[in-house]
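One file, work-v9.txt, carrying compact mmCIF, C-alpha atoms and all ligand atoms:
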# COMPACT_ATOMS: atom_id res chain seq x y z
CA MET W 1 0.00 0.00 0.00
CA VAL W 2 1.43 3.38 -0.99
CA VAL W 3 1.94 5.99 1.72
CA LEU W 4 0.68 9.34 0.48
CA SER W 5 1.11 12.91 1.53
CA GLN W 6 -1.69 14.32 3.70
CA PRO W 7 -3.80 16.26 1.15
CA ALA W 8 -3.73 13.31 -1.21
CA LEU W 9 -4.69 11.03 1.62
CA ILE W 10 -7.77 13.06 2.37
CA ASP W 11 -8.71 13.41 -1.30
CA HIS W 12 -8.38 9.80 -2.22
CA PHE W 13 -9.65 8.06 0.85
CA SER W 14 -12.39 10.30 2.13
CA LEU W 15 -14.66 7.34 1.45
CA ILE W 16 -12.93 5.24 4.07
CA LYS W 17 -14.89 5.52 7.25
CA ALA W 18 -13.57 6.00 10.73
CA CYS W 19 -15.10 5.48 14.11
CA LYS W 20 -14.48 6.62 17.67
CA PRO W 21 -11.69 4.68 19.33
CA THR W 22 -13.04 2.13 21.78
CA SER W 23 -10.50 1.22 24.38
CA SER W 24 -12.01 -1.63 26.32
CA PHE W 25 -11.31 -5.23 25.47
CA PHE W 26 -14.07 -7.73 26.06
CA SER W 27 -13.12 -10.40 28.58
CA GLY W 28 -16.24 -12.52 28.13
CA ILE W 29 -15.37 -14.31 24.89
CA PRO W 30 -16.08 -18.03 25.29
CA VAL W 31 -12.97 -20.20 25.08
CA VAL W 32 -13.37 -23.78 23.91
CA ASP W 33 -10.64 -26.31 24.63
CA LEU W 34 -10.95 -28.84 21.81
CA SER W 35 -9.40 -31.55 23.99
CA ASP W 36 -12.07 -31.09 26.66
CA PRO W 37 -14.74 -33.83 26.71
CA GLY W 38 -17.36 -31.13 27.28
CA ALA W 39 -16.32 -29.16 24.15
CA SER W 40 -19.50 -29.92 22.19
CA THR W 41 -21.73 -28.43 24.89
CA PHE W 42 -19.55 -25.31 25.20
CA ILE W 43 -19.53 -24.82 21.43
CA VAL W 44 -23.32 -24.91 21.22
CA ARG W 45 -23.68 -22.53 24.17
CA ALA W 46 -21.19 -20.09 22.60
CA CYS W 47 -22.94 -20.21 19.22
CA GLU W 48 -26.30 -19.53 20.83
CA GLU W 49 -25.05 -16.69 23.00
CA PHE W 50 -22.47 -14.99 20.77
CA GLY W 51 -22.15 -16.76 17.43
CA PHE W 52 -18.48 -16.61 18.28
CA PHE W 53 -15.80 -18.38 20.32
CA LYS W 54 -12.08 -18.86 20.64
CA VAL W 55 -10.47 -22.29 20.21
CA VAL W 56 -7.42 -23.52 22.12
CA ASN W 57 -5.69 -26.92 22.05
CA HIS W 58 -6.68 -27.03 18.40
CA GLY W 59 -3.89 -29.23 17.08
CA VAL W 60 -2.82 -26.89 14.25
CA PRO W 61 0.99 -26.66 14.32
CA MET W 62 2.16 -23.17 15.30
CA GLU W 63 4.81 -23.31 12.57
CA PHE W 64 2.07 -23.46 9.88
CA MET W 65 0.63 -20.23 11.27
CA THR W 66 3.92 -18.36 11.58
CA MET W 67 5.18 -19.58 8.21
CA LEU W 68 2.06 -18.34 6.42
CA GLU W 69 2.10 -15.07 8.34
CA SER W 70 5.64 -14.37 7.23
CA GLU W 71 4.92 -15.37 3.62
CA ALA W 72 1.84 -13.15 3.60
CA LEU W 73 3.87 -10.22 4.92
CA LYS W 74 6.47 -10.81 2.21
CA PHE W 75 3.73 -10.71 -0.42
CA PHE W 76 2.17 -7.52 0.98
CA SER W 77 5.63 -5.88 1.08
CA LEU W 78 6.09 -6.31 -2.69
CA PRO W 79 5.98 -3.17 -4.85
CA GLN W 80 2.38 -2.10 -5.56
CA SER W 81 2.81 -2.80 -9.28
CA ASP W 82 3.71 -6.45 -8.57
CA LYS W 83 0.76 -6.94 -6.25
CA ASP W 84 -1.58 -5.33 -8.78
CA LYS W 85 -0.65 -8.03 -11.29
CA ALA W 86 -2.68 -10.40 -9.10
CA GLY W 87 -5.73 -8.12 -9.19
CA PRO W 88 -8.34 -6.81 -9.48
CA PRO W 89 -10.22 -9.51 -7.57
CA ASP W 90 -12.85 -11.43 -9.57
CA PRO W 91 -13.57 -12.21 -6.58
CA PHE W 92 -10.26 -14.15 -6.30
CA GLY W 93 -6.96 -12.34 -6.44
CA TYR W 94 -5.39 -9.27 -4.89
CA GLY W 95 -7.53 -6.33 -3.84
CA SER W 96 -6.75 -3.05 -2.19
CA LYS W 97 -9.24 -0.75 -0.42
CA ARG W 98 -12.21 -1.94 -2.46
CA ILE W 99 -14.17 -4.75 -0.83
CA GLY W 100 -16.62 -6.68 -3.00
CA PRO W 101 -18.15 -5.34 -6.21
CA ASN W 102 -20.59 -2.73 -4.84
CA GLY W 103 -18.58 0.25 -3.64
CA ASP W 104 -17.51 -0.85 -0.13
CA VAL W 105 -14.08 0.41 0.88
CA GLY W 106 -11.75 -0.08 3.83
CA TRP W 107 -8.16 0.48 4.89
CA ILE W 108 -7.10 -2.98 3.79
CA GLU W 109 -5.30 -4.97 1.17
CA TYR W 110 -6.00 -8.67 0.71
CA LEU W 111 -5.67 -11.87 -1.25
CA LEU W 112 -8.76 -13.96 -1.79
CA LEU W 113 -8.04 -17.56 -2.80
CA ASN W 114 -10.00 -20.69 -3.49
CA SER W 115 -9.42 -22.99 -0.52
CA ASN W 116 -9.61 -26.19 -2.50
CA PRO W 117 -6.11 -27.08 -3.77
CA ASP W 118 -7.65 -29.15 -6.59
CA VAL W 119 -9.49 -26.19 -8.06
CA VAL W 120 -6.91 -23.47 -7.66
CA SER W 121 -8.17 -20.48 -9.62
CA GLU W 122 -6.16 -18.90 -12.44
CA LYS W 123 -5.50 -15.89 -10.19
CA SER W 124 -4.12 -18.08 -7.40
CA LEU W 125 -1.83 -19.87 -9.85
CA LEU W 126 -0.54 -16.54 -11.05
CA ILE W 127 0.12 -15.41 -7.47
CA PHE W 128 1.89 -18.67 -6.65
CA ARG W 129 3.99 -18.53 -9.83
CA GLN W 130 5.07 -14.94 -9.15
CA ASN W 131 6.12 -15.59 -5.57
CA PRO W 132 8.80 -17.68 -3.90
CA GLU W 133 8.18 -21.38 -4.00
CA ILE W 134 7.36 -21.53 -0.32
CA PHE W 135 4.24 -19.37 -0.59
CA ARG W 136 2.06 -22.10 -2.11
CA PRO W 137 3.04 -24.88 0.36
CA ALA W 138 2.65 -22.38 3.22
CA VAL W 139 -0.96 -21.71 2.12
CA GLU W 140 -1.68 -25.39 1.49
CA ASN W 141 -0.25 -26.68 4.79
CA TYR W 142 -2.11 -24.04 6.74
CA VAL W 143 -5.42 -24.44 4.94
CA SER W 144 -5.44 -28.23 5.11
CA ALA W 145 -4.71 -28.22 8.88
CA VAL W 146 -7.34 -25.54 9.53
CA LYS W 147 -9.92 -27.40 7.46
CA LYS W 148 -9.38 -30.55 9.55
CA MET W 149 -9.95 -28.50 12.69
CA ALA W 150 -13.07 -26.91 11.16
CA PHE W 151 -14.48 -30.37 10.30
CA LYS W 152 -13.92 -31.44 13.90
CA ILE W 153 -15.60 -28.29 15.24
CA VAL W 154 -18.75 -28.73 13.17
CA GLU W 155 -18.88 -32.42 14.14
CA LEU W 156 -18.73 -31.42 17.81
CA MET W 157 -21.42 -28.85 17.04
CA ALA W 158 -23.67 -31.57 15.62
CA ASP W 159 -23.02 -33.71 18.74
CA GLY W 160 -23.87 -30.78 20.99
CA LEU W 161 -27.06 -30.12 19.06
CA GLY W 162 -28.06 -33.75 19.56
CA ILE W 163 -28.10 -34.49 15.82
CA GLY W 164 -27.85 -38.25 15.24
CA ASP W 165 -25.71 -37.89 12.12
CA ARG W 166 -22.64 -36.01 13.36
CA ASN W 167 -21.41 -35.53 9.76
CA VAL W 168 -24.41 -33.54 8.64
CA LEU W 169 -22.41 -30.27 8.58
CA SER W 170 -18.89 -31.57 8.05
CA ARG W 171 -19.85 -33.45 4.88
CA LEU W 172 -20.68 -30.07 3.30
CA LEU W 173 -17.24 -28.68 4.11
CA ARG W 174 -15.48 -31.94 3.23
CA ASP W 175 -17.28 -32.23 -0.13
CA GLU W 176 -14.85 -31.90 -3.03
CA LYS W 177 -17.24 -29.35 -4.51
CA SER W 178 -17.45 -27.37 -1.25
CA ASP W 179 -17.52 -23.68 -2.16
CA SER W 180 -15.09 -22.54 0.51
CA CYS W 181 -12.51 -19.82 0.26
CA PHE W 182 -9.48 -18.45 2.02
CA ARG W 183 -8.53 -14.85 2.67
CA LEU W 184 -5.30 -13.15 3.73
CA ASN W 185 -5.90 -9.62 5.01
CA HIS W 186 -3.34 -6.92 5.69
CA TYR W 187 -4.32 -3.79 7.60
CA PRO W 188 -1.31 -1.45 7.45
CA PRO W 189 -1.12 1.24 10.13
CA CYS W 190 -1.87 4.74 8.94
CA PRO W 191 -0.91 7.07 11.80
CA GLU W 192 -1.20 10.23 9.65
CA LEU W 193 -4.80 9.69 8.69
CA GLN W 194 -5.79 8.51 12.16
CA ALA W 195 -4.12 11.54 13.74
CA LEU W 196 -5.95 13.84 11.32
CA SER W 197 -9.34 12.41 12.14
CA GLY W 198 -8.68 11.48 15.78
CA ARG W 199 -10.56 8.30 15.00
CA ASN W 200 -9.82 4.70 14.14
CA LEU W 201 -9.97 3.88 10.45
CA ILE W 202 -12.29 1.09 9.46
CA GLY W 203 -10.30 -1.71 7.87
CA PHE W 204 -13.26 -3.97 7.11
CA GLY W 205 -16.74 -2.61 7.71
CA GLU W 206 -19.44 -4.38 9.68
CA HIS W 207 -20.88 -7.49 8.10
CA THR W 208 -21.83 -11.10 8.68
CA ASP W 209 -20.17 -13.91 6.74
CA PRO W 210 -22.51 -15.70 4.31
CA GLN W 211 -20.96 -19.20 4.70
CA ILE W 212 -21.38 -21.89 7.40
CA ILE W 213 -18.42 -21.09 9.63
CA SER W 214 -15.35 -18.87 9.44
CA VAL W 215 -12.06 -19.68 11.12
CA LEU W 216 -9.83 -16.70 11.79
CA ARG W 217 -6.28 -16.40 13.00
CA SER W 218 -4.41 -13.12 13.26
CA ASN W 219 -1.01 -11.92 14.33
CA ASN W 220 -0.71 -10.26 17.72
CA THR W 221 -2.37 -7.03 16.59
CA SER W 222 -5.90 -6.37 17.75
CA GLY W 223 -8.60 -4.73 15.64
CA LEU W 224 -11.39 -7.29 15.44
CA GLN W 225 -14.64 -6.13 17.00
CA ILE W 226 -17.83 -8.10 17.43
CA SER W 227 -21.35 -6.91 17.96
CA LEU W 228 -23.02 -8.36 21.04
CA ARG W 229 -26.70 -9.31 21.05
CA ASP W 230 -27.64 -5.88 22.43
CA GLY W 231 -25.78 -4.21 19.56
CA THR W 232 -22.75 -3.02 21.56
CA TRP W 233 -19.41 -3.25 19.78
CA VAL W 234 -16.60 -4.81 21.80
CA SER W 235 -12.94 -5.41 20.94
CA VAL W 236 -11.56 -8.92 20.84
CA PRO W 237 -8.12 -9.26 22.49
CA SER W 238 -5.74 -10.68 19.89
CA ASP W 239 -4.22 -14.12 20.43
CA HIS W 240 -1.89 -15.32 17.71
CA THR W 241 -1.80 -18.87 19.10
CA SER W 242 -5.55 -19.47 18.92
CA PHE W 243 -8.38 -19.44 16.40
CA PHE W 244 -11.61 -17.50 16.46
CA ILE W 245 -14.70 -19.13 15.02
CA ASN W 246 -17.80 -17.35 13.88
CA VAL W 247 -21.22 -18.50 12.82
CA GLY W 248 -22.13 -17.60 9.23
CA ASP W 249 -25.57 -16.87 7.75
CA SER W 250 -25.93 -20.40 6.34
CA LEU W 251 -25.49 -21.94 9.78
CA GLN W 252 -28.04 -19.52 11.18
CA VAL W 253 -30.53 -20.89 8.64
CA MET W 254 -29.56 -24.53 9.18
CA THR W 255 -30.24 -24.14 12.91
CA ASN W 256 -33.49 -22.28 12.14
CA GLY W 257 -32.15 -19.21 13.92
CA ARG W 258 -30.96 -21.03 17.07
CA PHE W 259 -27.43 -19.87 16.24
CA ARG W 260 -27.10 -16.29 15.04
CA SER W 261 -24.53 -15.20 12.48
CA LEU W 262 -22.01 -12.81 13.98
CA LYS W 263 -21.83 -9.16 12.99
CA HIS W 264 -18.18 -8.12 13.10
CA ARG W 265 -15.75 -5.51 11.75
CA VAL W 266 -12.06 -4.62 11.89
CA LEU W 267 -10.59 -1.30 13.01
CA VAL W 268 -7.06 -0.37 12.03
CA GLU W 269 -4.48 -0.21 14.81
CA PRO W 270 -2.76 3.18 14.56
CA ARG W 271 0.77 1.87 14.99
CA LYS W 272 0.83 -1.87 14.23
CA SER W 273 0.07 -3.79 11.12
CA ARG W 274 -2.53 -6.53 11.39
CA VAL W 275 -2.41 -9.70 9.31
CA SER W 276 -5.30 -12.12 9.44
CA MET W 277 -6.01 -15.39 7.66
CA ILE W 278 -9.54 -16.67 7.37
CA TYR W 279 -10.98 -19.92 6.07
CA PHE W 280 -14.64 -19.54 5.08
CA GLY W 281 -16.28 -22.96 5.09
CA GLY W 282 -19.15 -23.08 2.63
CA PRO W 283 -21.31 -25.84 1.11
CA PRO W 284 -21.33 -26.96 -2.55
CA LEU W 285 -23.10 -24.45 -4.82
CA ASN W 286 -26.10 -26.69 -5.50
CA GLU W 287 -26.71 -27.49 -1.80
CA LYS W 288 -30.10 -26.58 -0.38
CA ILE W 289 -29.74 -24.36 2.68
CA ALA W 290 -32.61 -25.15 5.01
CA PRO W 291 -33.13 -25.85 8.71
CA LEU W 292 -32.01 -29.36 9.65
CA PRO W 293 -35.30 -31.24 10.22
CA CYS W 294 -34.22 -32.45 13.66
CA LEU W 295 -33.76 -28.83 14.76
CA VAL W 296 -37.29 -27.81 13.88
CA ALA W 297 -39.50 -28.69 16.83
CA GLU W 298 -42.92 -30.27 16.29
CA GLY W 299 -45.44 -27.65 15.35
CA GLU W 300 -42.66 -25.24 14.46
CA GLU W 301 -41.90 -24.13 10.89
CA SER W 302 -38.82 -23.10 8.97
CA LYS W 303 -38.24 -19.37 9.39
CA TYR W 304 -36.70 -19.21 5.91
CA LYS W 305 -37.76 -19.65 2.31
CA GLU W 306 -36.04 -22.42 0.36
CA PHE W 307 -32.82 -21.51 -1.40
CA THR W 308 -29.53 -23.00 -2.57
CA TRP W 309 -26.11 -21.76 -1.56
CA TRP W 310 -25.62 -20.55 -5.13
CA GLU W 311 -28.78 -18.40 -4.89
CA TYR W 312 -27.68 -16.99 -1.54
CA LYS W 313 -24.16 -16.29 -2.73
CA LYS W 314 -25.41 -14.57 -5.89
CA SER W 315 -27.66 -12.37 -3.80
CA ALA W 316 -24.86 -11.68 -1.26
CA TYR W 317 -22.49 -10.50 -3.98
CA LYS W 318 -25.14 -8.00 -5.13
CA SER W 319 -25.41 -6.56 -1.61
CA ARG W 320 -23.41 -4.00 0.33
CA LEU W 321 -21.24 -5.23 3.17
CA ALA W 322 -23.45 -3.97 6.00
CA ASP W 323 -26.74 -5.18 4.49
CA TYR W 324 -28.84 -7.73 6.35
CA ARG W 325 -28.58 -10.34 3.64
CA LEU W 326 -30.84 -12.97 5.20
CA GLY W 327 -33.77 -10.55 5.17
CA LEU W 328 -34.66 -11.47 1.58
CA PHE W 329 -34.90 -15.14 2.51
CA GLU W 330 -36.94 -14.86 5.68
CA LYS W 331 -40.58 -15.87 5.67
CA SER W 332 -42.66 -12.85 6.45
C1 LIG W 401 -17.73 -11.44 3.58
C2 LIG W 401 -16.99 -12.74 3.93
C3 LIG W 401 -15.81 -13.04 2.97
O1 LIG W 401 -14.72 -12.17 3.26
C4 LIG W 401 -16.24 -12.82 1.49
C5 LIG W 401 -16.65 -11.37 1.34
C6 LIG W 401 -17.03 -10.87 -0.07
C7 LIG W 401 -15.83 -10.19 -0.75
O2 LIG W 401 -14.98 -9.60 -0.07
O3 LIG W 401 -15.79 -10.24 -1.99
C8 LIG W 401 -18.24 -9.91 0.12
C9 LIG W 401 -18.69 -10.12 1.62
C10 LIG W 401 -17.96 -11.38 2.07
C11 LIG W 401 -20.22 -10.26 1.75
C12 LIG W 401 -21.05 -9.36 0.81
C13 LIG W 401 -20.35 -9.08 -0.53
C14 LIG W 401 -19.40 -10.23 -0.82
C15 LIG W 401 -18.02 -8.44 -0.17
C16 LIG W 401 -19.40 -7.94 -0.35
C17 LIG W 401 -19.74 -6.66 -0.31
C18 LIG W 401 -15.15 -13.30 0.54
C19 LIG W 401 -17.58 -13.47 1.25
O4 LIG W 401 -17.79 -14.59 0.83
O5 LIG W 401 -18.58 -12.60 1.58

Could I get this structure in the form of structure tokens?
Amino acid sequence: MVVLSQPALIDHFSLIKACKPTSSFFSGIPVVDLSDPGASTFIVRACEEFGFFKVVNHGVPMEFMTMLESEALKFFSLPQSDKDKAGPPDPFGYGSKRIGPNGDVGWIEYLLLNSNPDVVSEKSLLIFRQNPEIFRPAVENYVSAVKKMAFKIVELMADGLGIGDRNVLSRLLRDEKSDSCFRLNHYPPCPELQALSGRNLIGFGEHTDPQIISVLRSNNTSGLQISLRDGTWVSVPSDHTSFFINVGDSLQVMTNGRFRSLKHRVLVEPRKSRVSMIYFGGPPLNEKIAPLPCLVAEGEESKYKEFTWWEYKKSAYKSRLADYRLGLFEKS
């Protein structure tokens, strides 16, 4: 990302929003120890209460996380013209400041990749070819370890929900046609602009994730904020050794609203760069997204109209980041 002089900064990025700095870190984030026999119950409770939890004892080797973090930083440190060769995102590829196709902007640069190594998009191949040979294995090692953990988490979720078939969610993520993706985000500090406005720049504006679950890991720089049920925004203390899981819109529907998808955003730290890596676990495109029959009590009905993941995704990509995307699919 190019550092600009102050007038140019204001001219070019007046669209990037800022918000009042919030100093307090939230200490109530549920922590799930994956090696704990009670993990399935804690996961369900966390998804009902917050749509969000932190995972420890996850089994993903720390070296996979640090290796990918350093490779990502090397990529983001390349000259702008080199990074631009991997853009603009379609949605895969390198993007800077523009998020999605409908005018959303943020103080961010990112790489969006297909998470299935068998269907690596043209853009990803280009990125891998242009960069040192270790970038691709770093992505693949990390993503395959994180996927395994995600499969385990949704299986525990099914156990906790009392669903007889514990693979009902994981088979969607494990499917070779699973429409999952992987994102590397870089939020460079911008002290000049923050000092000018006296506010925190918004790196990634508020939104919910459309998929089933998202698995996030960041370096030791904070910035992630979540919206609690009462609408208050709280900051999540960073923890580079753990993962943060959030419920996506599709899981909200599959649980008939028992789990709520998490509204979250990222504020830029004035002096430290934040790098995050997120696996978005989604179903195959033709999969019907509907409440799991065993989660709809007798006499109760589905709160949602019938739709496939493809229909939901198409509609999501026509929306703005902060829109309530499920609204269109709710029964009135
Ligand atoms: C949010 C979750 C993932 O980052 C993402 C995002 C996607 C994009 O960046 O292209 C979207 C956003 C996300 C939801 C609404 C649309 C699509 C930007 C946007 C405005 C990759 C995804 O799948 O949905």

So, counting only C-alpha atoms and all ligand atoms, which residue among W:Val168, W:Val105, W:Ala297, W:Ala46 is closest to ligand LIG 401 (chain W)?
W:Val105

Closest contacts (range 129-174 of chain W/range 178-181 of chain W, max 8 Å, only C-alpha atoms) as a Markdown table:
| residue | atom | partner | partner_atom | distance |
| --- | --- | --- | --- | --- |
| W:Leu172 | CA | W:Ser178 | CA | 6.2 |
| W:Leu173 | CA | W:Ser178 | CA | 5.5 |
| W:Arg174 | CA | W:Ser178 | CA | 6.7 |

Please return as JSON, numbers by chain the residues found within 10 Å of ligand LIG 401 (chain W), counting only C-alpha atoms and all ligand atoms.
{"W": [89, 90, 91, 92, 95, 98, 99, 100, 101, 102, 103, 104, 105, 110, 111, 112, 113, 114, 179, 180, 181, 182, 183, 184, 185, 204, 205, 206, 207, 208, 209, 210, 211, 214, 248, 278, 279, 280, 281, 282, 313, 314, 315, 316, 317, 318, 319, 320, 321, 322, 323, 324, 325]}

Please indicate the distance in Å from CA of Lys305 in chain W to CA of Ala290 in chain W, rounded to one decimal place.
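It comes out at 8.0 Å.
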
Restricting the calculation to all atoms listed in the file: of W:Tyr187, W:Phe64, W:Phe53, W:Trp309, which residue gets closest to Pro137 in chain W?
W:Phe64

Give me the range 124-169 of chain W side of the contact with range 215-229 of chain W, cut-off 12 Å, one line per residue showing its nearest atom pair and distance in Å at one decimal, counting all atoms listed in the file, sorted by chain and residue number, as JSON lines.
{"residue": "W:Tyr142", "atom": "CA", "partner": "W:Arg217", "partner_atom": "CA", "distance": 10.7}
{"residue": "W:Val143", "atom": "CA", "partner": "W:Val215", "partner_atom": "CA", "distance": 10.2}
{"residue": "W:Ala145", "atom": "CA", "partner": "W:Val215", "partner_atom": "CA", "distance": 11.5}
{"residue": "W:Val146", "atom": "CA", "partner": "W:Val215", "partner_atom": "CA", "distance": 7.7}
{"residue": "W:Lys147", "atom": "CA", "partner": "W:Val215", "partner_atom": "CA", "distance": 8.8}
{"residue": "W:Lys148", "atom": "CA", "partner": "W:Val215", "partner_atom": "CA", "distance": 11.3}
{"residue": "W:Met149", "atom": "CA", "partner": "W:Val215", "partner_atom": "CA", "distance": 9.2}
{"residue": "W:Ala150", "atom": "CA", "partner": "W:Val215", "partner_atom": "CA", "distance": 7.3}
{"residue": "W:Phe151", "atom": "CA", "partner": "W:Val215", "partner_atom": "CA", "distance": 11.0}
{"residue": "W:Ile153", "atom": "CA", "partner": "W:Val215", "partner_atom": "CA", "distance": 10.2}
{"residue": "W:Val154", "atom": "CA", "partner": "W:Val215", "partner_atom": "CA", "distance": 11.4}

For a quick check of understanding, using only C-alpha atoms, which of W:Met157, W:Val296, W:Leu285, W:Val268 has the smallest distance to Arg45 in chain W?
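When distances to Arg45 in chain W are compared using only C-alpha atoms, the smallest one comes from W:Met157.
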
Mind checking which residues fall within 8 Å of Glu48 in chain W, counting all atoms listed in the file, ignoring those fewer than 5 positions away in the same chain, and posting them as an mmCIF file with C-alpha atoms, in the coordinates of the input?
data_model
loop_
_atom_site.group_PDB
_atom_site.id
_atom_site.type_symbol
_atom_site.label_atom_id
_atom_site.label_comp_id
_atom_site.auth_asym_id
_atom_site.auth_seq_id
_atom_site.Cartn_x
_atom_site.Cartn_y
_atom_site.Cartn_z
ATOM 1 C CA ARG W 258 -30.960 -21.030 17.070
ATOM 2 C CA PHE W 259 -27.430 -19.870 16.240
ATOM 3 C CA ARG W 260 -27.100 -16.290 15.040
#

Can you pull out the residues contacting Gln194 in chain W? Cut-off 9 Å, using only C-alpha atoms, and skip same-chain residues under 5 positions away; I want them as number ranges by chain.
W: 18, 189, 199-201, 268, 270

Would you compute the distance between CA of Glu155 in chain W and CA of His240 in chain W? Give it in Å to one decimal.
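Pair CA of Glu155 in chain W / CA of His240 in chain W returns 24.4 Å.
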
Quote the spacing between CA of Leu78 in chain W and CA of Lys17 in chain W in Å to one decimal place.
26.1 Å

Which residues are close to Phe307 in chain W, i.e. within 10 Å by only C-alpha atoms, leaving aside same-chain residues fewer than 5 positions away? Reply as an mmCIF file with C-alpha atoms, keeping the file's coordinate frame.
data_model
loop_
_atom_site.group_PDB
_atom_site.id
_atom_site.type_symbol
_atom_site.label_atom_id
_atom_site.label_comp_id
_atom_site.auth_asym_id
_atom_site.auth_seq_id
_atom_site.Cartn_x
_atom_site.Cartn_y
_atom_site.Cartn_z
ATOM 1 C CA ASN W 286 -26.100 -26.690 -5.500
ATOM 2 C CA GLU W 287 -26.710 -27.490 -1.800
ATOM 3 C CA LYS W 288 -30.100 -26.580 -0.380
ATOM 4 C CA ILE W 289 -29.740 -24.360 2.680
ATOM 5 C CA ALA W 290 -32.610 -25.150 5.010
ATOM 6 C CA TYR W 312 -27.680 -16.990 -1.540
ATOM 7 C CA PHE W 329 -34.900 -15.140 2.510
#

In terms of the shortest atom-to-atom distance over all atoms listed in the file, which of W:Met254, W:Phe243, W:Thr41, W:Pro88 is closest to Gly162 in chain W?
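Smallest separation from Gly162 in chain W among the options: W:Thr41.
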
Shortest interatomic distance to Pro191 in chain W - which of W:Pro284, W:Lys272, W:Phe52, W:Ile108, counting all atoms listed in the file:
W:Lys272

Choose the residue, out of W:Pro37, W:Gln80, W:Leu326, W:Glu269, that has the smallest atom-to-atom separation from Leu193 in chain W; count all atoms listed in the file.
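Result for the nearest residue to Leu193 in chain W: W:Glu269.
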